[in-house]
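**Student:** Sharing a structure with you now.
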Amino acid sequence: MPSFKIDLSTAIVFVATPPEPKMVNKKTGERAVDRESGAGLSTVGLLVSDEGEGNLYQVTVPETGVPQDLTPGTPVSVVGLKARDWENEFNGQKRHGISFRAVAITPGV
């Protein structure tokens, strides 16, 4: 599926929730990994404020692109943010949405 670049050049971005390991299977503890680098993936909640609107996004980032000291309220810059639509079927129910992925998150604006 194609992905689309997201322009944050006029936005202010803050950490809403700290990084957490992204899991493939919570029961077994299997962590999701980046297919290209093999790095573990983390999910970070980001509050993006732009043009008078604020939205919360859960963004997946390789752990190599996430600083250790990210805490809620920290202003950040997001490198290489992309959005991609997804769809799957689980137990006979179709689900769909948009996933967000970034190369890195850096402290400061």
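In the structure tokens, chains take the letters A, B, ... in the order shown, each chain's residues start at 1, and ligands count up from 1 in the order shown.
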Give one line per residue of region 33-91 of chain A that approaches region 99-104 of chain A to at most 9 Å, naming the two atoms of the closest pair and their distance in Å to one decimal, counting only C-alpha atoms; sort by chain then ascending residue number and deliver it as a Markdown table.
**Tutor:**
| residue | atom | partner | partner_atom | distance |
| --- | --- | --- | --- | --- |
| A:Tyr57 | CA | A:Phe100 | CA | 7.5 |
| A:Gln58 | CA | A:Phe100 | CA | 6.8 |
| A:Val59 | CA | A:Phe100 | CA | 4.9 |
| A:Thr60 | CA | A:Arg101 | CA | 4.7 |
| A:Val61 | CA | A:Ala102 | CA | 5.3 |
| A:Pro62 | CA | A:Val103 | CA | 6.8 |
| A:Glu63 | CA | A:Ala104 | CA | 8.5 |
| A:Thr64 | CA | A:Ala104 | CA | 7.7 |
| A:Gly65 | CA | A:Ala104 | CA | 4.0 |
| A:Val66 | CA | A:Ala104 | CA | 6.0 |
| A:Pro67 | CA | A:Ala104 | CA | 8.8 |
| A:Ser77 | CA | A:Ala104 | CA | 8.5 |
| A:Val78 | CA | A:Ala104 | CA | 6.1 |
| A:Val79 | CA | A:Ala104 | CA | 5.1 |
| A:Gly80 | CA | A:Ala102 | CA | 5.1 |
| A:Leu81 | CA | A:Ala102 | CA | 4.2 |
| A:Lys82 | CA | A:Arg101 | CA | 5.4 |
| A:Ala83 | CA | A:Phe100 | CA | 4.6 |
| A:Arg84 | CA | A:Ser99 | CA | 5.3 |
| A:Asp85 | CA | A:Ser99 | CA | 6.2 |
| A:Trp86 | CA | A:Ser99 | CA | 7.1 |
**Student:** Create the file for the chosen residues now, containing all heavy atoms and written as a compact mmCIF listing (two decimals), in the first residue's frame.
**Tutor:**
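Output (part-v3.txt):
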# COMPACT_ATOMS: atom_id res chain seq x y z
N TYR A 57 -1.91 11.57 17.78
CA TYR A 57 -1.53 10.49 16.87
C TYR A 57 -0.63 9.50 17.59
O TYR A 57 0.26 9.90 18.34
CB TYR A 57 -0.78 11.03 15.65
CG TYR A 57 -1.59 11.97 14.81
CD1 TYR A 57 -1.39 13.35 14.89
CD2 TYR A 57 -2.57 11.50 13.95
CE1 TYR A 57 -2.14 14.22 14.13
CE2 TYR A 57 -3.33 12.37 13.19
CZ TYR A 57 -3.11 13.73 13.27
OH TYR A 57 -3.85 14.59 12.52
N GLN A 58 -0.86 8.22 17.36
CA GLN A 58 0.05 7.17 17.83
C GLN A 58 1.00 6.89 16.68
O GLN A 58 0.57 6.44 15.62
CB GLN A 58 -0.73 5.92 18.22
CG GLN A 58 -1.64 6.11 19.40
CD GLN A 58 -0.86 6.44 20.68
OE1 GLN A 58 0.20 5.91 20.94
NE2 GLN A 58 -1.42 7.34 21.45
N VAL A 59 2.27 7.18 16.89
CA VAL A 59 3.27 7.08 15.82
C VAL A 59 4.26 5.97 16.14
O VAL A 59 4.81 5.91 17.24
CB VAL A 59 4.01 8.43 15.65
CG1 VAL A 59 5.05 8.34 14.54
CG2 VAL A 59 3.01 9.56 15.35
N THR A 60 4.51 5.10 15.17
CA THR A 60 5.47 4.03 15.31
C THR A 60 6.83 4.52 14.84
O THR A 60 6.94 5.13 13.76
CB THR A 60 5.03 2.80 14.49
OG1 THR A 60 3.76 2.35 14.98
CG2 THR A 60 6.04 1.67 14.58
N VAL A 61 7.86 4.25 15.65
CA VAL A 61 9.21 4.72 15.36
C VAL A 61 10.20 3.61 15.75
O VAL A 61 10.03 2.99 16.80
CB VAL A 61 9.55 5.98 16.20
CG1 VAL A 61 10.89 6.57 15.80
CG2 VAL A 61 8.46 7.03 16.08
N PRO A 62 11.25 3.38 14.92
CA PRO A 62 12.28 2.43 15.35
C PRO A 62 12.94 2.94 16.64
O PRO A 62 13.15 4.15 16.79
CB PRO A 62 13.29 2.42 14.20
CG PRO A 62 12.55 2.98 13.03
CD PRO A 62 11.51 3.90 13.58
N GLU A 63 13.28 2.03 17.56
CA GLU A 63 13.85 2.45 18.84
C GLU A 63 15.14 3.23 18.66
O GLU A 63 15.50 4.03 19.52
CB GLU A 63 14.03 1.27 19.78
CG GLU A 63 15.05 0.25 19.32
CD GLU A 63 15.12 -0.95 20.25
OE1 GLU A 63 14.47 -0.95 21.30
OE2 GLU A 63 15.84 -1.89 19.89
N THR A 64 15.81 3.04 17.53
CA THR A 64 17.05 3.79 17.26
C THR A 64 16.75 5.26 16.99
O THR A 64 17.65 6.09 17.04
CB THR A 64 17.79 3.18 16.06
OG1 THR A 64 16.89 3.11 14.95
CG2 THR A 64 18.32 1.80 16.38
N GLY A 65 15.50 5.60 16.72
CA GLY A 65 15.11 6.98 16.43
C GLY A 65 14.33 7.64 17.56
O GLY A 65 13.70 8.67 17.36
N VAL A 66 14.36 7.01 18.75
CA VAL A 66 13.62 7.55 19.89
C VAL A 66 14.58 7.83 21.04
O VAL A 66 15.19 6.91 21.58
CB VAL A 66 12.53 6.55 20.37
CG1 VAL A 66 11.76 7.12 21.55
CG2 VAL A 66 11.59 6.20 19.25
N PRO A 67 14.73 9.10 21.44
CA PRO A 67 15.59 9.40 22.59
C PRO A 67 15.02 8.81 23.88
O PRO A 67 13.81 8.65 24.02
CB PRO A 67 15.59 10.93 22.67
CG PRO A 67 14.88 11.41 21.47
CD PRO A 67 14.15 10.28 20.85
N SER A 77 10.53 17.43 17.36
CA SER A 77 10.45 17.47 15.90
C SER A 77 10.33 16.03 15.44
O SER A 77 10.88 15.11 16.05
CB SER A 77 11.72 18.08 15.31
OG SER A 77 11.81 19.44 15.66
N VAL A 78 9.61 15.82 14.35
CA VAL A 78 9.38 14.48 13.82
C VAL A 78 10.02 14.40 12.45
O VAL A 78 9.76 15.24 11.58
CB VAL A 78 7.87 14.17 13.73
CG1 VAL A 78 7.64 12.75 13.25
CG2 VAL A 78 7.20 14.39 15.09
N VAL A 79 10.86 13.40 12.26
CA VAL A 79 11.58 13.21 11.01
C VAL A 79 10.89 12.13 10.18
O VAL A 79 10.65 11.03 10.68
CB VAL A 79 13.05 12.79 11.28
CG1 VAL A 79 13.79 12.57 9.96
CG2 VAL A 79 13.75 13.83 12.13
N GLY A 80 10.57 12.45 8.94
CA GLY A 80 10.04 11.47 8.00
C GLY A 80 8.69 10.87 8.37
O GLY A 80 8.49 9.67 8.21
N LEU A 81 7.75 11.70 8.82
CA LEU A 81 6.42 11.19 9.18
C LEU A 81 5.62 10.85 7.93
O LEU A 81 5.51 11.66 7.01
CB LEU A 81 5.66 12.22 10.03
CG LEU A 81 4.29 11.80 10.52
CD1 LEU A 81 4.38 10.57 11.44
CD2 LEU A 81 3.61 12.95 11.24
N LYS A 82 5.07 9.64 7.93
CA LYS A 82 4.23 9.18 6.82
C LYS A 82 2.96 8.55 7.37
O LYS A 82 2.95 8.02 8.48
CB LYS A 82 4.97 8.15 5.96
CG LYS A 82 6.13 8.74 5.18
CD LYS A 82 6.72 7.69 4.27
CE LYS A 82 7.85 8.31 3.44
NZ LYS A 82 8.37 7.34 2.47
N ALA A 83 1.91 8.60 6.57
CA ALA A 83 0.63 7.96 6.91
C ALA A 83 0.33 6.91 5.86
O ALA A 83 0.67 7.06 4.68
CB ALA A 83 -0.49 9.00 6.94
N ARG A 84 -0.32 5.84 6.32
CA ARG A 84 -0.69 4.76 5.41
C ARG A 84 -2.01 4.17 5.88
O ARG A 84 -2.21 3.95 7.08
CB ARG A 84 0.40 3.70 5.44
CG ARG A 84 0.21 2.61 4.42
CD ARG A 84 1.42 1.75 4.38
NE ARG A 84 1.06 0.50 5.03
CZ ARG A 84 1.86 -0.50 5.20
NH1 ARG A 84 3.11 -0.40 4.85
NH2 ARG A 84 1.44 -1.61 5.75
N ASP A 85 -2.91 3.91 4.94
CA ASP A 85 -4.18 3.29 5.32
C ASP A 85 -3.99 1.77 5.42
O ASP A 85 -3.09 1.21 4.81
CB ASP A 85 -5.30 3.66 4.36
CG ASP A 85 -5.06 3.19 2.94
OD1 ASP A 85 -3.89 3.03 2.55
OD2 ASP A 85 -6.04 2.98 2.21
N TRP A 86 -4.81 1.14 6.27
CA TRP A 86 -4.73 -0.30 6.44
C TRP A 86 -6.13 -0.87 6.59
O TRP A 86 -7.08 -0.16 6.89
CB TRP A 86 -3.87 -0.68 7.65
CG TRP A 86 -4.38 -0.11 8.95
CD1 TRP A 86 -4.02 1.07 9.51
CD2 TRP A 86 -5.35 -0.70 9.82
NE1 TRP A 86 -4.71 1.26 10.69
CE2 TRP A 86 -5.52 0.18 10.91
CE3 TRP A 86 -6.06 -1.88 9.81
CZ2 TRP A 86 -6.39 -0.09 11.96
CZ3 TRP A 86 -6.94 -2.15 10.86
CH2 TRP A 86 -7.08 -1.25 11.91
**Student:** For each of A:Gly73, A:Leu8, A:Ile98, A:Thr17, take the minimum atom-to-atom distance to Glu51 (chain A), counting only C-alpha atoms, then give the residue where this is smallest.
**Tutor:**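 Of A:Gly73, A:Leu8, A:Ile98, A:Thr17, the one nearest Glu51 (chain A), counting only C-alpha atoms, is A:Leu8.
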**Student:** Name the closest residue to Lys22 (chain A) among the candidates A:Pro75, A:Thr43, A:Ser3, A:Gly38; distances are taken between atoms, counting only C-alpha atoms.
**Tutor:** A:Thr43
**Student:** Would you please give, as a PyMOL selection string, all residues of chain A that DSSP assigns to strand (DSSP E or B) based on the backbone?
**Tutor:** chain A and resi 4-5+12-21+23-25+30-31+33+40-50+53-62+75-79+82-90+93-101+104-107
**Student:** Under the rule of at most 8 Å, produce a per-residue listing of region 33-105 of chain A near region 12-16 of chain A: chain, number, name, the closest pair of atoms, and the distance in Å, as a tab-separated table, using only C-alpha atoms.
**Tutor:**
residue	atom	partner	partner_atom	distance
A:Val44	CA	A:Val15	CA	7.3
A:Gly45	CA	A:Ala16	CA	5.0
A:Leu46	CA	A:Val15	CA	4.7
A:Leu47	CA	A:Phe14	CA	5.2
A:Val48	CA	A:Val13	CA	4.6
A:Ser49	CA	A:Ile12	CA	5.2
A:Asp50	CA	A:Ile12	CA	6.5
A:Leu56	CA	A:Ala16	CA	7.6
A:Leu70	CA	A:Val15	CA	7.1
A:Thr71	CA	A:Val15	CA	6.4
A:Pro72	CA	A:Val15	CA	4.8
A:Gly73	CA	A:Val15	CA	5.3
A:Thr74	CA	A:Val15	CA	5.4
A:Pro75	CA	A:Phe14	CA	4.3
A:Val76	CA	A:Phe14	CA	5.6
A:Ser77	CA	A:Val13	CA	6.6
A:Val78	CA	A:Val13	CA	8.0
**Student:** For Gly108 (chain A), which residue among A:Pro21, A:Gly52, A:Asp34, A:Asp69 is the nearest when counting only C-alpha atoms?
**Tutor:**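 Closest residue, counting only C-alpha atoms: A:Asp69.
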**Student:** Do you have the CA of Arg31 (chain A)-CA of Phe4 (chain A) distance handy?
**Tutor:** 25.3 Å
**Student:** Go ahead and compute the interatomic distance for CA of Ile6 (chain A) and CA of Lys94 (chain A), in Å to one decimal.
**Tutor:**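 Computed distance, CA of Ile6 (chain A) to CA of Lys94 (chain A), equals 26.3 Å.
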**Student:** Please measure the separation of CA of Phe90 (chain A) and CA of Asn25 (chain A), giving the value in Å to one decimal.
**Tutor:**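 CA of Asn25 (chain A) lies 14.4 Å from CA of Phe90 (chain A).
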